[in-house]
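What follows is a set of notes on a single structure, which appears directly below.
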Amino acid sequence: MSEVIRCSWTGMTDPVYIAYHDEEWGRPVRGDDGVFERVTLEAFQSGLSWLTILRKRENFRRAFDGFSIPKVAGYTDKDVERLLGDPGIVRNRAKVEAAIGNARAALELPEGISELVWKYADPDSPVPASMADVPAVTPASKALAKELKGRGFRFVGPTTAYALMQAIGLVNDHIEGCVARSQAGR
């Protein structure tokens with residue numbers, strides 16, 4: 001029986017991380033609300049463990065109306081206070097306000113956020129032999145972050161943009177031999 005190879009960031013022990021890695025990370029996500037959800041969660045993750053966000057994801061979905069862009073864009077100060085009082089999510093005023101502002105910015109995109117983000121896809125990115133070969137920032141993530149910021153988005157720096165690119169399949173950074181690599185590329 002051969003050992004299952006996974007990207008080392010999973011820690012190989014937490015079932016939440018393993019399921020996310022095996023079934024979701026790196027697989028294509030399209031559609032404006034789906035991409036908006038990932039942009040929002042990546043922003044909330046900034047400075048925290050991704051596992052913290054994964055464990056709270058269903059609470060985020062409930063609190064942010066399933067990440068419906070029009071609904072979140074319509075949030076008022078009352079909603080900000082509601083979100084800041086919700087112990088099921090990360091209660092950070094700057095990130096909550098950024099999520100609402102980002103929804104409003106997403107509504108202004110003629111092409112939609114999914115199409116804008118997906119134009120930065122790099123299907124020919126090199127196959128990393130190990131996690132040491134996986135960059136934190138790339139020229140494409142810098143360009144994506146710059147465009148998003150120029151369109152009014154916040155909490156979307158180059159590192160966050162690259163994490164988004166990895167998460168939704170714009171690049172396939174599963175290491176060589178990883179059990180999920182071939183699935184992610186589809």
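A note on labels: chains of the structure tokens are A, B, ... as shown, every chain counts residues from 1, and ligands are counted from 1 in their shown order.
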For Thr138 of chain A, find every residue with an atom within 9 Å (counting only C-alpha atoms), except residues of its own chain fewer than 5 positions away, and show them as a PyMOL selection string. chain A and resi 143+158-159+162
So that I can check the secondary structure, give me every residue of segment 20-170 of chain A assigned alpha helix (DSSP H) by backbone DSSP, as a PyMOL selection string. chain A and resi 20-23+32-45+50-63+69-73+77-84+93-107+112-118+139-150+158-167
Pull the closest atom pair for each residue of segment 17-81 of chain A that gets at most 12 Å from segment 96-120 of chain A, along with the distance in Å to one decimal, counting only C-alpha atoms, ordering rows by chain and then ascending residue number, as a tab-separated table.
residue	atom	partner	partner_atom	distance
A:Pro28	CA	A:Trp118	CA	9.6
A:Val29	CA	A:Ser114	CA	8.4
A:Arg30	CA	A:Ser114	CA	5.8
A:Gly31	CA	A:Ser114	CA	5.4
A:Asp32	CA	A:Ser114	CA	4.9
A:Asp33	CA	A:Ser114	CA	8.2
A:Gly34	CA	A:Ser114	CA	8.1
A:Val35	CA	A:Ser114	CA	5.8
A:Phe36	CA	A:Ile113	CA	7.1
A:Glu37	CA	A:Ala99	CA	9.3
A:Arg38	CA	A:Ser114	CA	10.6
A:Val39	CA	A:Ala99	CA	8.6
A:Thr40	CA	A:Ala99	CA	5.8
A:Leu41	CA	A:Ala99	CA	9.0
A:Glu42	CA	A:Ala99	CA	10.5
A:Ala43	CA	A:Ala99	CA	8.1
A:Phe44	CA	A:Val96	CA	8.2
A:Gln45	CA	A:Val96	CA	12.0
A:Phe60	CA	A:Val96	CA	10.8
A:Ala63	CA	A:Val96	CA	10.8
A:Phe64	CA	A:Ala99	CA	9.2
A:Asp65	CA	A:Ile100	CA	11.8
A:Phe67	CA	A:Ala103	CA	8.7
A:Ser68	CA	A:Ala103	CA	8.5
A:Ile69	CA	A:Ala103	CA	5.2
A:Pro70	CA	A:Leu107	CA	7.1
A:Lys71	CA	A:Ala103	CA	8.5
A:Val72	CA	A:Ile100	CA	5.7
A:Ala73	CA	A:Arg104	CA	4.7
A:Gly74	CA	A:Arg104	CA	7.9
A:Tyr75	CA	A:Ile100	CA	6.7
A:Thr76	CA	A:Ile100	CA	8.9
A:Asp77	CA	A:Glu97	CA	9.3
A:Lys78	CA	A:Glu97	CA	11.8
A:Asp79	CA	A:Val96	CA	9.5
A:Val80	CA	A:Val96	CA	6.7
A:Glu81	CA	A:Val96	CA	9.5
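With only C-alpha atoms as the atoms that count, the residue of A:Tyr17, A:Trp25, A:Trp9, A:Phe155 with the shortest distance to Gln183 of chain A is A:Trp25.
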Against segment 171-180 of chain A, which residues of segment 19-79 of chain A fall within 12 Å? For each one I want the closest pair of atoms and the distance in Å (one decimal), counting only C-alpha atoms, rows by chain and increasing residue number, as a tab-separated table.
residue	atom	partner	partner_atom	distance
A:Ala19	CA	A:Ala180	CA	10.4
A:Tyr20	CA	A:Ala180	CA	10.4
A:His21	CA	A:Ala180	CA	7.4
A:Asp22	CA	A:Ala180	CA	5.3
A:Glu23	CA	A:Ala180	CA	7.5
A:Glu24	CA	A:Ala180	CA	9.0
A:Trp25	CA	A:Ala180	CA	8.7
A:Gly26	CA	A:Asn172	CA	5.7
A:Arg27	CA	A:Asn172	CA	8.2
A:Pro28	CA	A:Val171	CA	9.3
A:Val29	CA	A:Val171	CA	11.7
Quick one: distance from atom CA of Ala145 of chain A to atom CA of Ala163 of chain A in Å, one decimal? 11.2 Å
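As for atom CA of Ala167 of chain A and atom CA of Arg82 of chain A, they are spaced 28.3 Å apart.
Taking only C-alpha atoms into account, Trp50 of chain A lies nearest to A:Leu164 out of the set A:Ala121, A:Leu170, A:Leu164, A:Ala140.
Counting from atom CA of Ile5 of chain A, the distance to atom CA of Gly47 of chain A is 27.7 Å.
With only C-alpha atoms as the atoms that count, the minimum distance from Ser8 of chain A to the choices A:Val134, A:Gly66, A:Lys95, A:Ser125 is reached by A:Val134.
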Counting only C-alpha atoms, the residue among A:Gly152, A:Gly88, A:Gly169, A:Gly157 that lies closest to Asp122 of chain A is A:Gly169
